[in-house]
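Below is one structure, written out as structure tokens; the observations come after it.
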Amino acid sequence: MEQDYKAKDVAQLPQTPLAGARARLVELVEAPWFSNVVMAIICLNAITLGLETFDRFDPWRPWLHLFDLLFVTIFVVEMVLRIAAYGTSFFRSGWNIADFVIVAGAALAASNLFAALRAFRVLRLLRVVTVVPRMRTVVRALVDSVPGIISVAIIAVLIVYVFAVIAGSLYGETHPNYFGNVFTSMYTLFQIITLEGWRDIADDVQADHPMSWIFFLTFVLVGTFTMLNLFIAIVVRVVEEEADETEEFIHEETDHVLQELKVLSAKIDELKARLPDRERP
């Protein structure tokens with residue numbers, strides 16, 4: 001499991017004035033209040049971007065643009081502070097690279113040279129994912145579940161294709177708008193999987209084919225209640241695995257710290273035992 005950079009990486013640097021300055025920067029960017037301020041600014045930026053979509057706020061649009069530029073400037077300064085604090089180790093984490101790309105895109109969109117990117121300014125709100133650790137776990141779980149989801153998706157497409165061919169053979173002549181060819185049938189069946197208006201389709205077909213309810217109920221049971229639940233099961237399983245790995249890592253780090261404390265405590269006891277001998281005349 002990918003781990004983020006840590007303050008101890010900077011603490012292990014040689015004790016120089018530059019290292020001391022970087023250590024203070026690390027202490028600043030890792031402070032809880034610093035993350036809270038960044039989160040608050042992201043939320044405020046989300047509000048201003050939403051307000052720009054309302055015509056009633058047109059008189060305030062220059063102020064909204066000014067606030068947007070201010071937010072981008074703050075994000076750039078924050079990114080510069082983080083890079084200055086951790087140096088090249090900042091880019092060892094994929095989350096930091098994603099954060100850097102988002103901020104760089106926001107800075108380019110704010111310039112007149114890249115005005116076409118202004119439509120993608122809302123993507124900077126994705127920084128919430130990079131800032132909140134729990135959201136990172138969810139995103140990692142979604143990415144890790146992609147292979148399983150692809151396998152289930154292939155099976156789902158095969159099942160829909162089979163049912164589409166059957167529906168076209170049974171109901172294609174009487175209802176070509178639903179099952180005229182295999183692609184139209186697949187589109188109709190995908191709509192049925194979402195349970196959006198499937199009763200209307202089933203009722204239309206049942207008017208000419210009274211036994212068609214067997215087909216539709218079978219497909220809903222297989223396509224919706226089985227296949228979609230498989231997607232959910234895969235994501236839940238991967239999230240649980242990610243949570244277990246995170247918990248295991250925390251336990252390992254805690255055990256390591258406790259072991260170092262025991263060693264330090266033993267050395268302190270040894271020093272205390274030697275003190276009386278040195279104090280004797």
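Ordering of the structure tokens sets the chain letters (A, B, ...), residue numbers begin anew at 1 in every chain, and ligands are numbered from 1 in the order given.
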
Proximity of range 21-94 of chain A to range 127-137 of chain A: per-residue shortest pair, 12 Å limit, only C-alpha atoms, as JSON lines:
{"residue": "A:Val29", "atom": "CA", "partner": "A:Val131", "partner_atom": "CA", "distance": 11.6}
{"residue": "A:Glu30", "atom": "CA", "partner": "A:Val131", "partner_atom": "CA", "distance": 11.1}
{"residue": "A:Pro32", "atom": "CA", "partner": "A:Val131", "partner_atom": "CA", "distance": 11.3}
{"residue": "A:Phe34", "atom": "CA", "partner": "A:Val131", "partner_atom": "CA", "distance": 10.9}
{"residue": "A:Ser35", "atom": "CA", "partner": "A:Val131", "partner_atom": "CA", "distance": 7.3}
{"residue": "A:Asn36", "atom": "CA", "partner": "A:Val131", "partner_atom": "CA", "distance": 9.4}
{"residue": "A:Val37", "atom": "CA", "partner": "A:Val131", "partner_atom": "CA", "distance": 11.1}
{"residue": "A:Val38", "atom": "CA", "partner": "A:Val131", "partner_atom": "CA", "distance": 8.4}
{"residue": "A:Met39", "atom": "CA", "partner": "A:Val128", "partner_atom": "CA", "distance": 6.9}
{"residue": "A:Ala40", "atom": "CA", "partner": "A:Val128", "partner_atom": "CA", "distance": 10.1}
{"residue": "A:Ile41", "atom": "CA", "partner": "A:Val128", "partner_atom": "CA", "distance": 10.5}
{"residue": "A:Ile42", "atom": "CA", "partner": "A:Val128", "partner_atom": "CA", "distance": 7.3}
{"residue": "A:Cys43", "atom": "CA", "partner": "A:Val128", "partner_atom": "CA", "distance": 8.8}
{"residue": "A:Asn45", "atom": "CA", "partner": "A:Arg127", "partner_atom": "CA", "distance": 11.3}
{"residue": "A:Ala46", "atom": "CA", "partner": "A:Val128", "partner_atom": "CA", "distance": 10.7}
{"residue": "A:Phe75", "atom": "CA", "partner": "A:Arg127", "partner_atom": "CA", "distance": 10.0}
{"residue": "A:Met79", "atom": "CA", "partner": "A:Arg127", "partner_atom": "CA", "distance": 11.7}
{"residue": "A:Ser93", "atom": "CA", "partner": "A:Thr130", "partner_atom": "CA", "distance": 10.7}
{"residue": "A:Gly94", "atom": "CA", "partner": "A:Thr130", "partner_atom": "CA", "distance": 9.6}

**Item:** Pick from A:Val235, A:Ile214, A:Ile268, A:Val257, whichever lies nearest to Val138 in chain A using only C-alpha atoms
**Value:** A:Val235

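Picture a line from CA of Leu25 in chain A to CA of Ala106 in chain A; it runs 23.5 Å.
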
**Request:** Could you check which of A:Ala98, A:Val139, A:Leu66, A:Val152 is closest to Ala233 in chain A, using only C-alpha atoms?
**Result:** A:Val152

**Item:** Test item: residues at most 9 Å from range 155-164 of chain A, only C-alpha atoms, excluding those fewer than 5 positions along its chain, as a list in words
**Value:**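 So, after excluding close chain neighbours, the residues are Ile150, Ser169, Phe179, Asn181, Val182, Phe183, Thr184, Ser185, Met186, Tyr187, Thr188, Leu189, Phe190, Phe215, Phe219, Val222, Gly223, Met227 and Leu228 of chain A.
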
With N, CA and C atoms kept, could you save the residues just selected as an mmCIF file, in the first residue's frame?
data_model
loop_
_atom_site.group_PDB
_atom_site.id
_atom_site.type_symbol
_atom_site.label_atom_id
_atom_site.label_comp_id
_atom_site.auth_asym_id
_atom_site.auth_seq_id
_atom_site.Cartn_x
_atom_site.Cartn_y
_atom_site.Cartn_z
ATOM 1 N N ILE A 150 -14.339 -4.829 -14.012
ATOM 2 C CA ILE A 150 -14.277 -5.099 -15.447
ATOM 3 C C ILE A 150 -14.720 -6.524 -15.749
ATOM 4 N N SER A 169 -35.852 -12.005 -30.921
ATOM 5 C CA SER A 169 -36.531 -13.118 -31.593
ATOM 6 C C SER A 169 -37.989 -13.217 -31.175
ATOM 7 N N PHE A 179 -37.195 -3.753 -29.466
ATOM 8 C CA PHE A 179 -36.370 -4.928 -29.754
ATOM 9 C C PHE A 179 -36.226 -5.155 -31.255
ATOM 10 N N ASN A 181 -33.615 -4.615 -33.280
ATOM 11 C CA ASN A 181 -32.345 -5.290 -33.579
ATOM 12 C C ASN A 181 -31.591 -5.480 -32.274
ATOM 13 N N VAL A 182 -30.441 -6.113 -32.363
ATOM 14 C CA VAL A 182 -29.743 -6.478 -31.135
ATOM 15 C C VAL A 182 -29.287 -5.241 -30.356
ATOM 16 N N PHE A 183 -28.907 -4.185 -31.059
ATOM 17 C CA PHE A 183 -28.431 -2.990 -30.360
ATOM 18 C C PHE A 183 -29.588 -2.240 -29.697
ATOM 19 N N THR A 184 -30.713 -2.164 -30.399
ATOM 20 C CA THR A 184 -31.889 -1.558 -29.778
ATOM 21 C C THR A 184 -32.347 -2.373 -28.583
ATOM 22 N N SER A 185 -32.276 -3.681 -28.693
ATOM 23 C CA SER A 185 -32.666 -4.554 -27.577
ATOM 24 C C SER A 185 -31.726 -4.366 -26.390
ATOM 25 N N MET A 186 -30.439 -4.266 -26.650
ATOM 26 C CA MET A 186 -29.474 -4.074 -25.561
ATOM 27 C C MET A 186 -29.712 -2.741 -24.865
ATOM 28 N N TYR A 187 -29.993 -1.696 -25.643
ATOM 29 C CA TYR A 187 -30.277 -0.394 -25.041
ATOM 30 C C TYR A 187 -31.528 -0.465 -24.161
ATOM 31 N N THR A 188 -32.565 -1.153 -24.645
ATOM 32 C CA THR A 188 -33.788 -1.303 -23.856
ATOM 33 C C THR A 188 -33.523 -2.091 -22.584
ATOM 34 N N LEU A 189 -32.727 -3.139 -22.694
ATOM 35 C CA LEU A 189 -32.440 -3.964 -21.519
ATOM 36 C C LEU A 189 -31.560 -3.228 -20.520
ATOM 37 N N PHE A 190 -30.629 -2.398 -20.992
ATOM 38 C CA PHE A 190 -29.846 -1.579 -20.064
ATOM 39 C C PHE A 190 -30.743 -0.603 -19.312
ATOM 40 N N PHE A 215 -40.207 -13.366 -19.017
ATOM 41 C CA PHE A 215 -38.928 -12.870 -19.541
ATOM 42 C C PHE A 215 -38.435 -11.670 -18.743
ATOM 43 N N PHE A 219 -35.122 -11.416 -16.310
ATOM 44 C CA PHE A 219 -34.026 -10.509 -16.622
ATOM 45 C C PHE A 219 -33.763 -9.536 -15.475
ATOM 46 N N VAL A 222 -31.917 -11.420 -12.734
ATOM 47 C CA VAL A 222 -30.525 -11.732 -13.091
ATOM 48 C C VAL A 222 -29.720 -10.445 -13.290
ATOM 49 N N GLY A 223 -30.271 -9.499 -14.039
ATOM 50 C CA GLY A 223 -29.510 -8.310 -14.398
ATOM 51 C C GLY A 223 -29.381 -7.285 -13.300
ATOM 52 N N MET A 227 -26.373 -8.940 -10.817
ATOM 53 C CA MET A 227 -25.170 -8.334 -11.373
ATOM 54 C C MET A 227 -24.809 -7.032 -10.670
ATOM 55 N N LEU A 228 -25.791 -6.165 -10.432
ATOM 56 C CA LEU A 228 -25.473 -4.901 -9.774
ATOM 57 C C LEU A 228 -24.989 -5.121 -8.343
#
